[in-house]
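Structure, as structure tokens:
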Amino acid sequence: MKAPILKTLLPTSTAGSLPKPSWLAQPEALWSPWKLQGEELIDGKHDALRVSLQEQQQAGIDIVSDGEQTRQHFVTTFIEHLIGVDFENRKTVKIRDRYDASVPTVVGAVSRPKSVFVEDAKILRQQTNKPIKWALPGPMTMIDTLYDDHYKSREKLAWEFAKILNQEAKELEAAGIDIIQFDEPAFNVFFDEVNEWGIACLERAIEGLKCETAVHICYGYGIKANTDWKKTLGSEWRQYEEAFPKLQKSNIDIISLECHNSHVPMELLELIRGKKVMVGAIDVATDNIETPEEVANTLRKALKFVDADKLYPCTNCGMAPLSRKVARGKLNALSAGAAIIRRELSAS
Ligand code: ZN
């Protein structure tokens with residue numbers, strides 16, 4: 001068992017991305033292209049990182065991040081830095097069995113010639129003494145965002161990515177990152193593969209790390225393809241149930257989940273009892289800002305299945321597509337909601 005990185009009860013954090021300033025990329029859009037180039041882009045990303053960090057700190061968020069200001073897309077920005085993937089040669093594939101997307105092709109053995117995010121992570125580390133979390137894509141979500149014309153095996157390619165992610169994660173740890181998170185929305189879709197090799201690949205990606213590790217599994221950003229998919233899932237979303245028993249036994253320290261305004265039965269959290277849980281208490285698919293009491297309600301429900309010292313209030317997913325004003329409101333609501341429950345816990 002790793003020592004807790006924080007003494008604060010119910011430390012708050014975000015699942016991932018935060019809105020980008022309009023001078024860096026088109027706001028209120030996902031995967032929006034950069035407005036700057038070359039050196040200006042590098043400086044621009046780092047300035048945006050400082051702004052995003054400042055907004056998190058001002059809202060009282062306990063575990064902070066770069067707000068993903070340094071990437072355009074949570075998967076492809078990482079892949080762009082690898083050898084073996086051809087971004088000119090694109091194919092249309094169905095992402096997470098849900099929507100068609102034009103994706104790059106794996107044309108040869110994949111490798112990471114140099115670190116991808118380590119310089120950005122060092123800049124974040126220099127700006128704050130708070131615990132910091134850095135997100136990387138998970139191996140299974142990476143293979144689902146590519147057309148593979150080389151390995152011809154999803155599993156083989158996932159193992160290769162796991163090795164590469166492990167190299168990056170070790171360098172991020174050395175740069176002072178406290179929590180490394182792997183985004184694996186694909187875990188809510190490909191259940192057989194998750195249990196056959198998905199979780200094993202994730203464990204390969206965290207092999208030898210001494211910092212905390214997290215996996216974020218969600219029902220996606222609030223984009224139409226995802227909200228349409230959610231409508232087909234019925235009144236109870238039990239997808240988490242498939243991967244939870246194996247995840248509970250895995251070496252991953254923290255599991256980050258979507259819990260607010262979703263139809264996930266809270267009692268599924270019992271299946272991962274013993275793990276730390278980042279409980280999503282902010283809906284990222286609506287501009288309505290939660291009240292602190294709504295956040296507190298979600299946390300109260302989660303406390304029935306998650307021990308208080310293992311509960312980390314969080315957002316359901318990234319907030320990149322929201323306006324900055326709405327995102328700020330939601331960060332404040334998250335802090336205020338967590339404060340209500342802290343008071344209740346200390347009074348009891
Ligand atoms: Zn997510």
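By order in the structure tokens, chains are A, B, ...; within a chain, residues start at 1; ligands start at 1, following the order shown.
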*Assign secondary structure with DSSP using the backbone only, and return the residues of range 66-220 of chain A in alpha helix (DSSP H) as an MDAnalysis selection string.*
chainID A and resid 76:79 118:127 139:143 154:174 191:193 199:205
Near-range 308-312 of chain A list (12 Å; only C-alpha atoms; drop same-chain fewer than 6 positions) as a tab-separated table (two decimals) with C-alpha atoms, in the first residue's frame:
```
chain	number	residue	atom	x	y	z
A	3	ALA	CA	1.43	6.21	1.49
A	4	PRO	CA	-1.28	8.80	0.78
A	5	ILE	CA	0.05	11.82	-1.11
A	6	LEU	CA	-2.40	14.12	0.69
A	7	LYS	CA	-3.61	14.50	4.21
A	8	THR	CA	-6.76	16.29	3.02
A	9	LEU	CA	-9.85	14.16	3.25
A	10	LEU	CA	-11.76	13.99	-0.05
A	11	PRO	CA	-9.08	15.62	-2.25
A	12	THR	CA	-10.67	17.06	-5.39
A	13	SER	CA	-9.36	16.78	-8.94
A	14	THR	CA	-10.60	16.81	-12.54
A	15	ALA	CA	-10.78	13.80	-14.82
A	61	ILE	CA	-8.87	21.95	-6.46
A	62	ASP	CA	-6.47	19.80	-4.43
A	63	ILE	CA	-4.84	17.64	-7.10
A	214	ALA	CA	-5.10	5.76	-11.95
A	253	ASP	CA	-4.28	2.42	-7.21
A	254	ILE	CA	-7.17	4.66	-8.27
A	255	ILE	CA	-10.22	4.14	-10.48
A	256	SER	CA	-11.83	7.27	-11.99
A	257	LEU	CA	-15.51	6.93	-12.87
A	269	LEU	CA	-18.68	0.50	-6.59
A	272	ILE	CA	-13.92	-2.24	-6.34
A	273	ARG	CA	-13.99	-1.75	-2.57
A	274	GLY	CA	-10.43	-1.28	-1.32
A	275	LYS	CA	-9.39	0.86	-4.30
A	276	LYS	CA	-9.30	4.62	-4.20
A	277	VAL	CA	-12.11	5.97	-6.36
A	278	MET	CA	-12.26	9.27	-8.22
A	279	VAL	CA	-16.01	9.73	-8.09
A	280	GLY	CA	-17.35	11.84	-10.97
A	281	ALA	CA	-19.72	14.32	-9.33
A	298	THR	CA	-23.48	12.22	-5.30
A	299	LEU	CA	-20.59	11.96	-2.85
A	300	ARG	CA	-22.93	10.86	-0.05
A	301	LYS	CA	-24.28	8.06	-2.23
A	302	ALA	CA	-20.74	6.99	-3.15
A	334	LEU	CA	-16.92	20.50	-6.93
A	335	SER	CA	-14.84	22.18	-4.21
A	337	GLY	CA	-19.65	20.08	-2.53
A	338	ALA	CA	-16.59	18.27	-1.20
A	341	ILE	CA	-19.12	16.34	3.03
A	342	ARG	CA	-15.82	17.03	4.82
A	344	GLU	CA	-20.32	16.22	7.78
A	345	LEU	CA	-17.59	13.63	8.22
A	346	SER	CA	-15.71	15.67	10.82
```
*Write out as a ChimeraX atom specification the residues lying within 12 Å of Lys246 in chain A, counting only C-alpha atoms and excluding same-chain residues fewer than 6 positions away.*
/A:187,191-192,194-200,202-203,240,252,271-272,275
Within 7 Å of ligand 1, which residues of chain A come that close, and what is the closest atom pair and distance in Å for each? Count only C-alpha atoms and all ligand atoms and give it as a tab-separated table.
```
residue	atom	partner	partner_atom_place_in_ligand_line	distance
A:Ala15	CA	ligand 1	1 (Zn)	6.6
A:Asp183	CA	ligand 1	1 (Zn)	6.9
A:Pro185	CA	ligand 1	1 (Zn)	6.3
A:His216	CA	ligand 1	1 (Zn)	6.4
A:Ile217	CA	ligand 1	1 (Zn)	6.1
A:Cys218	CA	ligand 1	1 (Zn)	4.5
A:Tyr219	CA	ligand 1	1 (Zn)	6.4
A:Gly220	CA	ligand 1	1 (Zn)	4.8
A:Tyr221	CA	ligand 1	1 (Zn)	6.1
A:Asn316	CA	ligand 1	1 (Zn)	6.5
A:Cys317	CA	ligand 1	1 (Zn)	3.7
A:Gly318	CA	ligand 1	1 (Zn)	5.8
```
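Distances from A:Leu41, A:Leu165, A:Met142, A:Val215 to Ser111 in chain A were compared using only C-alpha atoms, and the smallest one belongs to A:Leu165.
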*Which residues come within 12 Å of Thr76 in chain A, counting only C-alpha atoms, excluding same-chain residues fewer than 4 positions away, as a count of residues only?*
23
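Of all the residues in range 104-166 of chain A, the ones DSSP labels as strand (DSSP E) from the backbone are Pro104, Thr105, Val106, Val107, Gly108, Ala109, Val110, Ser111, Lys133, Trp134, Ala135, Leu136, Pro137, Tyr147 and Asp148 of chain A.
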*Neighbours of Ala320 in chain A within 7 Å (only C-alpha atoms; same-chain residues fewer than 6 positions away dropped), as a count of residues only?*
6
*From the set A:Asp66, A:Trp229, A:Ala169, A:Glu207, which residue has the shortest atom-to-atom contact distance to Asp47 in chain A, counting only C-alpha atoms?*
A:Asp66
*Counting only C-alpha atoms, what is within 10 Å of Val106 in chain A, bar same-chain residues fewer than 4 positions away, as a list in words?*
Ile83, Gly84, Val85, Asp86, Phe87, Asn89, Arg90, Val110, Ile143, Leu146, Tyr147, Asp148, Asp149, His150, Tyr151, Lys152 and Leu157 of chain A
Restrict the selected residues to N, CA and C atoms and save them as a compact mmCIF listing (two decimals), in the first residue's frame.
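Dumped everything to result.txt:
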```txt
# COMPACT_ATOMS: atom_id res chain seq x y z
N ILE A 83 7.14 6.55 -33.69
CA ILE A 83 7.56 6.03 -35.00
C ILE A 83 6.66 4.84 -35.31
N GLY A 84 6.36 4.64 -36.58
CA GLY A 84 5.58 3.46 -36.98
C GLY A 84 4.14 3.78 -37.32
N VAL A 85 3.74 5.04 -37.10
CA VAL A 85 2.36 5.43 -37.42
C VAL A 85 2.39 6.51 -38.49
N ASP A 86 1.65 6.28 -39.56
CA ASP A 86 1.63 7.20 -40.69
C ASP A 86 0.35 8.04 -40.63
N PHE A 87 0.53 9.34 -40.39
CA PHE A 87 -0.63 10.24 -40.25
C PHE A 87 -1.18 10.71 -41.60
N ASN A 89 -1.47 8.55 -44.22
CA ASN A 89 -2.20 7.38 -44.69
C ASN A 89 -3.34 7.10 -43.71
N ARG A 90 -4.53 7.59 -44.04
CA ARG A 90 -5.65 7.51 -43.08
C ARG A 90 -6.72 6.54 -43.55
N VAL A 110 6.12 0.00 -33.79
CA VAL A 110 5.95 1.29 -33.11
C VAL A 110 7.01 1.48 -32.03
N ILE A 143 -5.19 1.64 -29.37
CA ILE A 143 -5.34 0.78 -30.55
C ILE A 143 -6.69 0.99 -31.23
N LEU A 146 -6.76 3.81 -34.13
CA LEU A 146 -5.82 3.61 -35.23
C LEU A 146 -6.30 2.52 -36.17
N TYR A 147 -5.76 2.53 -37.40
CA TYR A 147 -5.94 1.39 -38.29
C TYR A 147 -4.61 0.64 -38.29
N ASP A 148 -4.62 -0.64 -37.97
CA ASP A 148 -3.38 -1.42 -37.85
C ASP A 148 -3.12 -2.23 -39.11
N ASP A 149 -2.10 -1.82 -39.87
CA ASP A 149 -1.75 -2.54 -41.10
C ASP A 149 -0.42 -3.27 -40.92
N HIS A 150 0.05 -3.40 -39.68
CA HIS A 150 1.37 -4.02 -39.45
C HIS A 150 1.27 -5.23 -38.53
N TYR A 151 0.81 -5.04 -37.31
CA TYR A 151 0.75 -6.16 -36.35
C TYR A 151 -0.42 -7.09 -36.65
N LYS A 152 -1.49 -6.51 -37.20
CA LYS A 152 -2.72 -7.25 -37.52
C LYS A 152 -3.26 -8.01 -36.32
N LEU A 157 -0.52 -5.16 -30.68
CA LEU A 157 -0.28 -3.72 -30.74
C LEU A 157 -0.46 -3.09 -29.36
```
